[in-house]
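> I am sharing input14.pdb, which consists of PDB, C-alpha atoms:
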ATOM      1  CA  MET H   1      14.469   5.495 -11.074
ATOM      2  CA  ILE H   2      14.374   2.495 -13.423
ATOM      3  CA  PRO H   3      17.756   3.244 -15.079
ATOM      4  CA  LEU H   4      19.280   3.753 -11.622
ATOM      5  CA  ILE H   5      18.071   0.351 -10.409
ATOM      6  CA  GLN H   6      19.116  -1.303 -13.669
ATOM      7  CA  ASP H   7      22.602   0.161 -13.423
ATOM      8  CA  LEU H   8      23.031  -1.054  -9.832
ATOM      9  CA  VAL H   9      21.474  -4.479 -10.202
ATOM     10  CA  VAL H  10      22.645  -5.557 -13.658
ATOM     11  CA  ASP H  11      25.878  -3.669 -14.348
ATOM     12  CA  LYS H  12      27.430  -3.110 -10.919
ATOM     13  CA  LYS H  13      26.247  -5.938  -8.657
ATOM     14  CA  LYS H  14      25.438  -8.485 -11.384
ATOM     15  CA  TRP H  15      22.433  -9.700  -9.381
ATOM     16  CA  LEU H  16      20.312 -10.194 -12.502
ATOM     17  CA  THR H  17      21.093 -11.244 -16.044
ATOM     18  CA  ASP H  18      19.854  -9.004 -18.856
ATOM     19  CA  LYS H  19      16.953 -11.320 -19.497
ATOM     20  CA  GLU H  20      15.941 -11.401 -15.837
ATOM     21  CA  ALA H  21      16.182  -7.628 -15.743
ATOM     22  CA  MET H  22      13.864  -7.334 -18.750
ATOM     23  CA  ASP H  23      11.376  -9.668 -17.071
ATOM     24  CA  CYS H  24      11.665  -7.596 -13.950
ATOM     25  CA  ILE H  25      10.952  -4.294 -15.708
ATOM     26  CA  ALA H  26       8.090  -5.738 -17.752
ATOM     27  CA  ILE H  27       6.417  -7.237 -14.679
ATOM     28  CA  SER H  28       7.002  -4.118 -12.595
ATOM     29  CA  GLN H  29       5.399  -1.925 -15.213
ATOM     30  CA  SER H  30       2.421  -4.176 -15.816
ATOM     31  CA  LEU H  31       1.480  -4.591 -12.169
ATOM     32  CA  PRO H  32      -0.148  -1.811 -10.191
ATOM     33  CA  GLY H  33       1.865  -0.028  -7.569
ATOM     34  CA  VAL H  34       5.040   1.997  -7.336
ATOM     35  CA  ILE H  35       7.401   0.683 -10.029
ATOM     36  CA  ALA H  36      10.514   0.964  -7.853
ATOM     37  CA  ILE H  37       8.848  -1.116  -5.129
ATOM     38  CA  ASN H  38       7.739  -3.726  -7.654
ATOM     39  CA  MET H  39      11.287  -3.962  -8.968
ATOM     40  CA  ALA H  40      12.807  -4.152  -5.481
ATOM     41  CA  THR H  41      10.363  -6.867  -4.433
ATOM     42  CA  TYR H  42      11.091  -8.840  -7.588
ATOM     43  CA  ILE H  43      14.870  -8.540  -7.328
ATOM     44  CA  GLY H  44      14.839  -9.457  -3.634
ATOM     45  CA  ARG H  45      12.638 -12.437  -4.398
ATOM     46  CA  ILE H  46      14.919 -13.758  -7.150
ATOM     47  CA  LYS H  47      18.050 -13.505  -5.036
ATOM     48  CA  LYS H  48      16.898 -14.454  -1.542
ATOM     49  CA  GLY H  49      13.254 -15.553  -1.638
ATOM     50  CA  LEU H  50      10.504 -14.001   0.439
ATOM     51  CA  LEU H  51      12.890 -12.582   3.044
ATOM     52  CA  GLY H  52      14.920 -10.940   0.285
ATOM     53  CA  SER H  53      11.803  -9.317  -1.141
ATOM     54  CA  ILE H  54      10.864  -7.952   2.286
ATOM     55  CA  VAL H  55      14.328  -6.502   2.890
ATOM     56  CA  ALA H  56      14.572  -4.955  -0.593
ATOM     57  CA  THR H  57      11.129  -3.374  -0.305
ATOM     58  CA  ILE H  58      11.878  -1.875   3.099
ATOM     59  CA  GLY H  59      15.194  -0.680   1.700
ATOM     60  CA  VAL H  60      13.618   1.233  -1.163
ATOM     61  CA  ILE H  61      10.954   2.840   1.044
ATOM     62  CA  THR H  62      13.022   3.866   4.067
ATOM     63  CA  PRO H  63      15.112   6.737   2.617
ATOM     64  CA  SER H  64      11.988   8.425   1.181
ATOM     65  CA  PHE H  65      10.180   7.959   4.442
ATOM     66  CA  PHE H  66      12.771   9.796   6.522
ATOM     67  CA  ALA H  67      13.594  12.370   3.842
ATOM     68  CA  ILE H  68       9.950  13.436   3.594
ATOM     69  CA  ILE H  69       9.530  13.674   7.360
ATOM     70  CA  LEU H  70      12.704  15.742   7.579
ATOM     71  CA  ILE H  71      11.562  18.099   4.805
ATOM     72  CA  TRP H  72       8.113  18.387   6.343
ATOM     73  CA  GLU H  73       9.621  19.386   9.706
ATOM     74  CA  VAL H  74      12.040  21.864   8.127
ATOM     75  CA  LEU H  75       9.256  23.542   6.128
ATOM     76  CA  ASP H  76       7.082  23.625   9.222
ATOM     77  CA  LYS H  77       9.865  25.297  11.280
ATOM     78  CA  LEU H  78      10.582  27.823   8.530
ATOM     79  CA  GLY H  79       6.926  28.761   8.454
ATOM     80  CA  SER H  80       5.696  30.738   5.491
ATOM     81  CA  ASN H  81       7.350  33.877   4.256
ATOM     82  CA  SER H  82       7.263  35.486   0.851
ATOM     83  CA  TYR H  83      10.620  34.001  -0.243
ATOM     84  CA  ILE H  84       9.591  30.442   0.519
ATOM     85  CA  ASN H  85       6.204  30.979  -1.103
ATOM     86  CA  GLY H  86       7.880  32.498  -4.156
ATOM     87  CA  GLY H  87      10.314  29.584  -4.409
ATOM     88  CA  PHE H  88       7.427  27.174  -4.179
ATOM     89  CA  ILE H  89       5.554  28.930  -6.978
ATOM     90  CA  GLY H  90       8.644  28.461  -9.152
ATOM     91  CA  LEU H  91       9.044  24.809  -8.151
ATOM     92  CA  LYS H  92       5.382  24.041  -8.725
ATOM     93  CA  SER H  93       5.425  25.680 -12.165
ATOM     94  CA  ALA H  94       8.408  23.506 -13.073
ATOM     95  CA  VAL H  95       6.778  20.362 -11.668
ATOM     96  CA  VAL H  96       3.618  21.025 -13.717
ATOM     97  CA  ALA H  97       5.889  21.184 -16.767
ATOM     98  CA  MET H  98       7.680  17.955 -15.800
ATOM     99  CA  ILE H  99       4.423  16.061 -15.368
ATOM    100  CA  LEU H 100       3.022  17.451 -18.644
ATOM    101  CA  TRP H 101       6.260  16.472 -20.341
ATOM    102  CA  ALA H 102       5.957  12.926 -18.970
ATOM    103  CA  ALA H 103       2.337  12.735 -20.186
ATOM    104  CA  ILE H 104       3.361  13.890 -23.667
ATOM    105  CA  ARG H 105       6.277  11.459 -23.927
ATOM    106  CA  ILE H 106       4.282   8.471 -22.714
ATOM    107  CA  GLY H 107       1.265   9.570 -24.754
ATOM    108  CA  LYS H 108       3.300   9.674 -27.974
ATOM    109  CA  ARG H 109       4.377   6.079 -27.401
ATOM    110  CA  VAL H 110       1.104   4.656 -26.132
ATOM    111  CA  LEU H 111      -1.654   6.486 -28.011
ATOM    112  CA  ASN H 112      -1.201   4.780 -31.350
ATOM    113  CA  ASN H 113      -4.669   3.754 -32.527
ATOM    114  CA  ILE H 114      -8.302   4.837 -32.287
ATOM    115  CA  PHE H 115      -9.032   2.527 -29.381
ATOM    116  CA  SER H 116      -6.252   3.954 -27.214
ATOM    117  CA  TRP H 117      -7.299   7.526 -28.023
ATOM    118  CA  LEU H 118     -10.905   6.741 -27.095
ATOM    119  CA  ILE H 119      -9.858   5.294 -23.733
ATOM    120  CA  PHE H 120      -7.587   8.288 -23.142
ATOM    121  CA  ILE H 121     -10.375  10.792 -23.877
ATOM    122  CA  MET H 122     -12.902   8.821 -21.836
ATOM    123  CA  ALA H 123     -10.552   8.759 -18.835
ATOM    124  CA  LEU H 124      -9.696  12.436 -19.209
ATOM    125  CA  LEU H 125     -13.311  13.621 -19.414
ATOM    126  CA  GLY H 126     -14.379  11.137 -16.759
ATOM    127  CA  LEU H 127     -11.903  12.602 -14.300
ATOM    128  CA  ILE H 128     -12.048  16.332 -14.996
ATOM    129  CA  ILE H 129     -15.624  16.897 -16.221
ATOM    130  CA  PHE H 130     -17.679  14.154 -14.587
ATOM    131  CA  ASN H 131     -15.516  13.683 -11.524
ATOM    132  CA  PHE H 132     -15.850   9.884 -11.739
ATOM    133  CA  ASP H 133     -14.056   7.682  -9.259
ATOM    134  CA  ALA H 134     -10.581   7.004 -10.695
ATOM    135  CA  ILE H 135     -10.849   3.341  -9.670
ATOM    136  CA  PHE H 136     -14.085   3.024 -11.640
ATOM    137  CA  ILE H 137     -12.321   4.462 -14.691
ATOM    138  CA  ILE H 138      -9.452   1.978 -14.317
ATOM    139  CA  LEU H 139     -11.825  -0.970 -14.020
ATOM    140  CA  THR H 140     -13.852   0.203 -17.018
ATOM    141  CA  SER H 141     -10.779   0.640 -19.201
ATOM    142  CA  ALA H 142      -9.493  -2.778 -18.112
ATOM    143  CA  VAL H 143     -12.753  -4.425 -19.186
ATOM    144  CA  LEU H 144     -12.805  -2.493 -22.469
ATOM    145  CA  GLY H 145      -9.182  -3.482 -23.104
ATOM    146  CA  ILE H 146      -9.955  -7.149 -22.560
ATOM    147  CA  LEU H 147     -13.028  -6.989 -24.828
ATOM    148  CA  TYR H 148     -11.100  -5.094 -27.479
ATOM    149  CA  SER H 149      -8.196  -7.528 -27.565
ATOM    150  CA  LYS H 150     -10.658 -10.425 -27.737
ATOM    151  CA  TYR H 151     -13.077  -9.123 -30.379
ATOM    152  CA  GLY H 152     -12.029  -5.716 -31.692
ATOM    153  CA  GLU H 153      -8.569  -6.394 -33.036
ATOM    154  CA  ARG H 154      -9.617  -9.094 -35.499
ATOM    155  CA  GLY H 155     -10.725  -6.483 -37.996
ATOM    156  CA  GLU H 156      -7.400  -4.701 -37.776
ATOM    157  CA  ARG H 157      -5.214  -7.694 -38.414
TER     158      ARG H 157
ATOM    159  CA  MET R   1      -9.072   8.126  10.812
ATOM    160  CA  ILE R   2      -5.922   6.012  10.890
ATOM    161  CA  PHE R   3      -7.808   3.093   9.376
ATOM    162  CA  SER R   4      -9.409   5.311   6.697
ATOM    163  CA  ILE R   5      -5.998   6.563   5.612
ATOM    164  CA  PHE R   6      -4.576   3.035   5.568
ATOM    165  CA  TRP R   7      -7.518   1.730   3.535
ATOM    166  CA  ALA R   8      -7.388   4.651   1.100
ATOM    167  CA  PHE R   9      -3.719   3.942   0.384
ATOM    168  CA  ILE R  10      -4.297   0.190   0.092
ATOM    169  CA  LYS R  11      -6.828   0.962  -2.658
ATOM    170  CA  ILE R  12      -4.374   3.328  -4.336
ATOM    171  CA  GLY R  13      -1.757   0.562  -4.177
ATOM    172  CA  ILE R  14      -4.104  -1.989  -5.743
ATOM    173  CA  PHE R  15      -5.473   0.176  -8.560
ATOM    174  CA  GLY R  16      -2.533   2.484  -9.170
ATOM    175  CA  PHE R  17      -1.326   1.305 -12.565
ATOM    176  CA  GLY R  18       1.257   3.100 -14.668
ATOM    177  CA  GLY R  19       3.674   4.246 -11.979
ATOM    178  CA  GLY R  20       3.850   7.069  -9.475
ATOM    179  CA  MET R  21       2.695  10.039 -11.560
ATOM    180  CA  ALA R  22      -0.382   8.165 -12.747
ATOM    181  CA  MET R  23      -1.180   7.368  -9.108
ATOM    182  CA  LEU R  24      -1.396  11.049  -8.169
ATOM    183  CA  PRO R  25      -5.068  11.585  -9.146
ATOM    184  CA  LEU R  26      -5.961   8.503  -7.083
ATOM    185  CA  ILE R  27      -4.163  10.020  -4.121
ATOM    186  CA  TYR R  28      -5.962  13.324  -4.678
ATOM    187  CA  GLN R  29      -9.379  11.679  -4.933
ATOM    188  CA  GLY R  30      -8.737   9.371  -1.987
ATOM    189  CA  MET R  31      -7.594  12.184   0.262
ATOM    190  CA  SER R  32     -10.091  14.843  -0.816
ATOM    191  CA  GLY R  33     -12.765  12.163  -0.317
ATOM    192  CA  LEU R  34     -11.707  12.079   3.344
ATOM    193  CA  ASP R  35     -11.668  15.899   3.400
ATOM    194  CA  LEU R  36      -7.927  15.823   3.942
ATOM    195  CA  MET R  37      -6.779  17.684   0.851
ATOM    196  CA  THR R  38      -7.431  20.835  -1.168
ATOM    197  CA  THR R  39      -6.031  21.413  -4.671
ATOM    198  CA  LYS R  40      -3.447  23.805  -3.154
ATOM    199  CA  GLU R  41      -2.294  21.142  -0.696
ATOM    200  CA  PHE R  42      -2.169  18.642  -3.558
ATOM    201  CA  ALA R  43       0.069  20.975  -5.545
ATOM    202  CA  ASP R  44       2.397  21.451  -2.548
ATOM    203  CA  LEU R  45       2.455  17.724  -1.918
ATOM    204  CA  VAL R  46       3.350  16.864  -5.510
ATOM    205  CA  ALA R  47       6.074  19.530  -5.631
ATOM    206  CA  ILE R  48       7.666  18.254  -2.421
ATOM    207  CA  SER R  49       7.353  14.612  -3.517
ATOM    208  CA  GLN R  50       8.994  15.463  -6.814
ATOM    209  CA  ILE R  51      11.984  17.317  -5.357
ATOM    210  CA  THR R  52      12.611  14.598  -2.762
ATOM    211  CA  PRO R  53      14.566  11.568  -3.981
ATOM    212  CA  GLY R  54      12.658   8.297  -4.031
ATOM    213  CA  PRO R  55       9.437   7.093  -5.652
ATOM    214  CA  ILE R  56       6.960   9.966  -5.958
ATOM    215  CA  ALA R  57       3.965   7.964  -4.714
ATOM    216  CA  VAL R  58       5.833   6.759  -1.610
ATOM    217  CA  ASN R  59       6.905  10.328  -0.889
ATOM    218  CA  ALA R  60       3.337  11.544  -1.331
ATOM    219  CA  ALA R  61       1.935   8.832   0.952
ATOM    220  CA  THR R  62       4.479   9.537   3.694
ATOM    221  CA  TYR R  63       3.793  13.266   3.423
ATOM    222  CA  VAL R  64       0.009  13.010   3.657
ATOM    223  CA  GLY R  65       0.136  10.492   6.498
ATOM    224  CA  TYR R  66       2.664  12.562   8.437
ATOM    225  CA  GLN R  67       0.697  15.748   7.961
ATOM    226  CA  GLU R  68      -2.492  14.190   9.300
ATOM    227  CA  LEU R  69      -1.340  11.841  12.060
ATOM    228  CA  GLY R  70       2.411  12.205  12.552
ATOM    229  CA  ILE R  71       4.712   9.172  12.455
ATOM    230  CA  LYS R  72       1.837   6.701  12.827
ATOM    231  CA  GLY R  73       0.046   8.231   9.859
ATOM    232  CA  ALA R  74       3.202   8.283   7.753
ATOM    233  CA  LEU R  75       3.770   4.620   8.547
ATOM    234  CA  VAL R  76       0.265   3.378   7.694
ATOM    235  CA  ALA R  77       0.023   5.453   4.506
ATOM    236  CA  THR R  78       3.447   4.300   3.292
ATOM    237  CA  LEU R  79       2.750   0.669   4.164
ATOM    238  CA  GLY R  80      -0.725   0.943   2.621
ATOM    239  CA  VAL R  81       0.619   2.059  -0.745
ATOM    240  CA  SER R  82       3.457  -0.523  -0.676
ATOM    241  CA  ILE R  83       1.817  -3.720   0.599
ATOM    242  CA  PRO R  84      -0.381  -4.481  -2.452
ATOM    243  CA  ALA R  85       2.612  -4.142  -4.797
ATOM    244  CA  PHE R  86       4.709  -6.354  -2.550
ATOM    245  CA  LEU R  87       2.050  -9.076  -2.382
ATOM    246  CA  LEU R  88       1.196  -8.925  -6.092
ATOM    247  CA  VAL R  89       4.807  -9.183  -7.233
ATOM    248  CA  ASN R  90       5.375 -12.158  -4.951
ATOM    249  CA  LEU R  91       2.207 -13.801  -6.231
ATOM    250  CA  VAL R  92       2.985 -13.194  -9.896
ATOM    251  CA  PHE R  93       6.548 -14.435  -9.354
ATOM    252  CA  GLU R  94       5.142 -17.955  -8.987
ATOM    253  CA  PHE R  95       3.375 -17.760 -12.355
ATOM    254  CA  ILE R  96       5.775 -15.532 -14.200
ATOM    255  CA  LYS R  97       5.670 -17.314 -17.530
ATOM    256  CA  ARG R  98       1.918 -17.651 -17.592
ATOM    257  CA  PHE R  99       1.569 -14.016 -16.535
ATOM    258  CA  ARG R 100       3.799 -12.709 -19.298
ATOM    259  CA  GLU R 101       2.014 -14.757 -21.947
ATOM    260  CA  SER R 102      -1.514 -14.199 -20.649
ATOM    261  CA  HIS R 103      -3.891 -12.686 -23.212
ATOM    262  CA  LEU R 104      -6.089 -11.496 -20.386
ATOM    263  CA  VAL R 105      -3.262  -9.443 -18.854
ATOM    264  CA  LYS R 106      -2.274  -8.075 -22.267
ATOM    265  CA  GLY R 107      -5.857  -7.014 -22.967
ATOM    266  CA  LEU R 108      -6.234  -5.480 -19.538
ATOM    267  CA  LEU R 109      -3.101  -3.397 -20.031
ATOM    268  CA  LYS R 110      -4.213  -2.358 -23.504
ATOM    269  CA  GLY R 111      -7.189  -0.726 -21.820
ATOM    270  CA  ILE R 112      -5.473   0.643 -18.739
ATOM    271  CA  THR R 113      -2.303   2.110 -20.277
ATOM    272  CA  PRO R 114      -4.043   4.871 -22.306
ATOM    273  CA  ALA R 115      -6.091   5.728 -19.202
ATOM    274  CA  THR R 116      -2.886   6.177 -17.187
ATOM    275  CA  VAL R 117      -1.721   8.798 -19.712
ATOM    276  CA  ALA R 118      -4.922  10.714 -18.950
ATOM    277  CA  PHE R 119      -4.266  10.300 -15.226
ATOM    278  CA  ILE R 120      -0.794  11.834 -15.527
ATOM    279  CA  LEU R 121      -2.230  14.713 -17.556
ATOM    280  CA  VAL R 122      -4.956  15.251 -14.944
ATOM    281  CA  ALA R 123      -2.350  15.384 -12.149
ATOM    282  CA  ALA R 124      -0.668  18.215 -14.081
ATOM    283  CA  LEU R 125      -4.003  19.974 -14.676
ATOM    284  CA  ILE R 126      -5.085  19.883 -11.023
ATOM    285  CA  MET R 127      -1.695  21.241 -10.061
ATOM    286  CA  ALA R 128      -1.726  23.890 -12.772
ATOM    287  CA  LYS R 129      -5.141  25.086 -11.640
ATOM    288  CA  ALA R 130      -3.937  25.494  -8.055
ATOM    289  CA  THR R 131      -0.681  27.175  -9.072
ATOM    290  CA  MET R 132      -1.708  29.354 -11.996
ATOM    291  CA  PHE R 133      -5.174  30.578 -11.119
ATOM    292  CA  SER R 134      -6.318  32.610  -8.187
ATOM    293  CA  LEU R 135      -9.906  33.788  -7.848
ATOM    294  CA  GLY R 136     -10.568  33.017 -11.481
ATOM    295  CA  THR R 137      -7.702  35.064 -12.925
ATOM    296  CA  LEU R 138      -4.656  33.621 -14.630
ATOM    297  CA  LYS R 139      -1.348  34.371 -12.910
ATOM    298  CA  ILE R 140       1.067  35.160 -15.665
ATOM    299  CA  VAL R 141       4.423  34.509 -13.941
ATOM    300  CA  PRO R 142       3.824  30.810 -13.135
ATOM    301  CA  VAL R 143       2.422  30.270 -16.643
ATOM    302  CA  ILE R 144       5.585  31.679 -18.194
ATOM    303  CA  MET R 145       7.799  29.664 -15.830
ATOM    304  CA  CYS R 146       5.900  26.495 -16.746
ATOM    305  CA  ILE R 147       6.232  27.115 -20.490
ATOM    306  CA  ALA R 148       9.910  28.001 -20.049
ATOM    307  CA  SER R 149      10.435  24.726 -18.116
ATOM    308  CA  LEU R 150       8.808  22.719 -20.906
ATOM    309  CA  ILE R 151      11.080  24.372 -23.478
ATOM    310  CA  LEU R 152      14.181  23.752 -21.336
ATOM    311  CA  LEU R 153      13.227  20.085 -20.889
ATOM    312  CA  GLU R 154      12.166  19.314 -24.442
ATOM    313  CA  LYS R 155      14.227  21.582 -26.666
ATOM    314  CA  PHE R 156      17.413  22.123 -24.682
ATOM    315  CA  LYS R 157      17.439  18.735 -22.905
ATOM    316  CA  VAL R 158      18.153  20.386 -19.567
ATOM    317  CA  SER R 159      17.932  17.836 -16.733
ATOM    318  CA  PRO R 160      14.735  17.920 -14.630
ATOM    319  CA  LEU R 161      16.769  18.608 -11.495
ATOM    320  CA  SER R 162      18.388  21.694 -13.058
ATOM    321  CA  VAL R 163      15.007  22.945 -14.274
ATOM    322  CA  LEU R 164      13.614  22.611 -10.737
ATOM    323  CA  PHE R 165      16.582  24.524  -9.367
ATOM    324  CA  ILE R 166      16.375  27.323 -11.955
ATOM    325  CA  MET R 167      12.634  27.815 -11.470
ATOM    326  CA  GLY R 168      12.915  27.640  -7.681
ATOM    327  CA  VAL R 169      15.478  30.457  -7.717
ATOM    328  CA  LEU R 170      13.484  32.464 -10.268
ATOM    329  CA  GLY R 171      10.398  32.023  -8.110
ATOM    330  CA  VAL R 172      12.182  33.501  -5.083
ATOM    331  CA  LEU R 173      13.405  36.443  -7.194
ATOM    332  CA  LEU R 174      10.169  37.132  -9.077
ATOM    333  CA  CYS R 175       7.473  36.216  -6.582
ATOM    334  CA  GLY R 176       9.338  36.545  -3.263
TER     335      GLY R 176
END
Rewrite the structure from the file as C-alpha cells, please.


Amino acid sequence: MIPLIQDLVVDKKKWLTDKEAMDCIAISQSLPGVIAINMATYIGRIKKGLLGSIVATIGVITPSFFAIILIWEVLDKLGSNSYINGGFIGLKSAVVAMILWAAIRIGKRVLNNIFSWLIFIMALLGLIIFNFDAIFIILTSAVLGILYSKYGERGER
Amino acid sequence: MIFSIFWAFIKIGIFGFGGGMAMLPLIYQGMSGLDLMTTKEFADLVAISQITPGPIAVNAATYVGYQELGIKGALVATLGVSIPAFLLVNLVFEFIKRFRESHLVKGLLKGITPATVAFILVAALIMAKATMFSLGTLKIVPVIMCIASLILLEKFKVSPLSVLFIMGVLGVLLCG
C-alpha cells in the first residue's frame, strides 16, 4: 500500500513534498501499528492538524471494515461446499507463498550481521518451539537492540 | 468478552512492529489465548484478509471481531488495533526531529526489525501447517501450489493478485 499512498499524496495531490514523504514513511515504519494507518494519521496531521489525522485514519479504515463484513456475510450465505473449499485451499497455498516471499525479501535486506541473525533465530524458536508470548519477544529484542547499539557495535566500527 | 477483544487488539496495536504481516502472530496468539481461534481459522482469516483490499491487520481485526460479536465486535477490534498507532503518530509528530535522531529508537529498531522477519515467517508456518497437513500427513496438492506460487512470484514476476487468482481457480479444479 505504501507506493499507492505515495503516488496519491506526493505525485497526484501534492500534499507532501518528497522530503516530508520520506519522513512520513520512515516514521510510519518505525512505529508500531498498521503502516497505512500511521501514514494516514501523519499526512492528515501535517495538512489539517488533529482533525485531519482523525479524518484520514477513519478514511483508511472504513473501506476495509465494510469490505470484510460484506465478504464475511457472502461466505456465510454460500455455506461450505467442495468448490468453495477447493478454491480456499488454492488461495491459502498462494497466500502462504506470498507471506514466505515477503519474509525472504525483507530478511535479505535486514539480516545482515550476526546480531540480527541471532535475534531472528531467537524470535523464531521462541515463537514456534517455546511458544513464548510474542510481546515478550518484542520487548526482549528491543532491549537487546538498545544494548547492542550502545555497547556491541564499538568493536565492529 | 467485548472488552477482552478490545484489549487484545490494543496490545497488538501497541506492540505490532514491522507492519501487518508481522502483526499476524500477535493476532493469532491474542485470539487463541481467548480461545477464539484455531490454526484453521487463522489460515482462513489470513487468506480473506489478504484477498480483501486494505491493510491486512485491519482486515483481520474486523474479521475476528465480526465473527465473534457482530458489528460491535468488528468496531472494537478495528478501533483497538488502530488507536495506538493514531495516538503514537500524533505524539511523535511533536518531536519528529528528536525521534528521527534518537539513538534509543535506532537501537530499539535494530533489535525489533530482525524479530519481525521471524514473525512474518511464523505467520506463514502456522498457515502452512493448517493448509498442508491433515492428521499428520502432508497434503501434496497445496504444497505444489505453494511452491508454484513462489516460483511465479520470484522468477516470473507475476503480480500477487494474479497468483491468487490462478491458485484460487486451480484449487476449485483440483480440490473441488

> Spell out the residues picked by the PyMOL selection byres ((chain R and resi 19) around 12) here, as number ranges by chain.

H: 1-2, 25, 28-39, 102-103, 106; R: 12-18, 20-26, 55-58, 81, 85, 112-113, 116-117, 119-120

> Running the PyMOL selection byres ((chain R and resi 44) around 10) on this model by hand, what would come out? Give it as a short mmCIF file (atom, residue, chain, number, x, y, z; two decimals) with C-alpha atoms, in the coordinates of the input.


data_model
loop_
_atom_site.label_atom_id
_atom_site.label_comp_id
_atom_site.auth_asym_id
_atom_site.auth_seq_id
_atom_site.Cartn_x
_atom_site.Cartn_y
_atom_site.Cartn_z
CA PHE H 88 7.43 27.17 -4.18
CA ILE H 89 5.55 28.93 -6.98
CA LEU H 91 9.04 24.81 -8.15
CA LYS H 92 5.38 24.04 -8.72
CA THR R 38 -7.43 20.84 -1.17
CA THR R 39 -6.03 21.41 -4.67
CA LYS R 40 -3.45 23.80 -3.15
CA GLU R 41 -2.29 21.14 -0.70
CA PHE R 42 -2.17 18.64 -3.56
CA ALA R 43 0.07 20.98 -5.54
CA LEU R 45 2.46 17.72 -1.92
CA VAL R 46 3.35 16.86 -5.51
CA ALA R 47 6.07 19.53 -5.63
CA ILE R 48 7.67 18.25 -2.42
CA SER R 49 7.35 14.61 -3.52
CA GLN R 50 8.99 15.46 -6.81
CA MET R 127 -1.70 21.24 -10.06
CA ALA R 130 -3.94 25.49 -8.06
CA THR R 131 -0.68 27.18 -9.07
#

> Hey, can you check how far CA of Pro114 (chain R) sits from CA of Leu34 (chain R)?

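That distance, rounded to one decimal, is 27.7 Å.
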
> Suppose a student applies the PyMOL selection byres ((chain H and resi 67) around 10) to this structure; what residues should they get, written as a VMD selection string?

(chain H and resid 62 to 66 68 to 73) or (chain R and resid 49 52 to 54 59 62 to 63)

> So, with all atoms listed in the file as the atoms that count, which of R:Leu138, R:Leu174, R:Met132, R:Ala74 lies closest to Ser93 (chain H)?

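Of R:Leu138, R:Leu174, R:Met132, R:Ala74, the one nearest Ser93 (chain H) is R:Met132, counting all atoms listed in the file.
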
> May I ask which of the residues R:Ser4, R:Ser102, R:Ser149, R:Ser32 is the closest one to chain H, counting only C-alpha atoms?

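Among the listed residues, R:Ser149 lies closest to chain H.
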
> Please compute the CA of Leu108 (chain R)-CA of Gly44 (chain H) distance, one decimal, in Å.

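That distance, rounded to one decimal, is 26.7 Å.
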
> Near Val169 (chain R), counting all atoms listed in the file, which residues have an atom at most 7 Å away, once you skip same-chain residues fewer than 4 positions from it, shown as number ranges by chain?

H: 87; R: 165, 173

> Just the residues within 9 Å of Ile146 (chain H), please, counting all atoms listed in the file, with nothing from its chain fewer than 3 positions along; format it as a PyMOL selection string.

(chain H and resi 141-143+149-151) or (chain R and resi 103-111)

> Can you tell me how far CA of Ile121 (chain H) sits from CA of Leu153 (chain R), in Å to one decimal?

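Taking CA of Ile121 (chain H) and CA of Leu153 (chain R), their separation equals 25.5 Å.
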
> Need the neighbours of (16.0, -6.4, -3.1): which residues are at most 6 Å away, counting all atoms listed in the file, as a PyMOL selection string?

chain H and resi 40-41+43-44+52-53+56
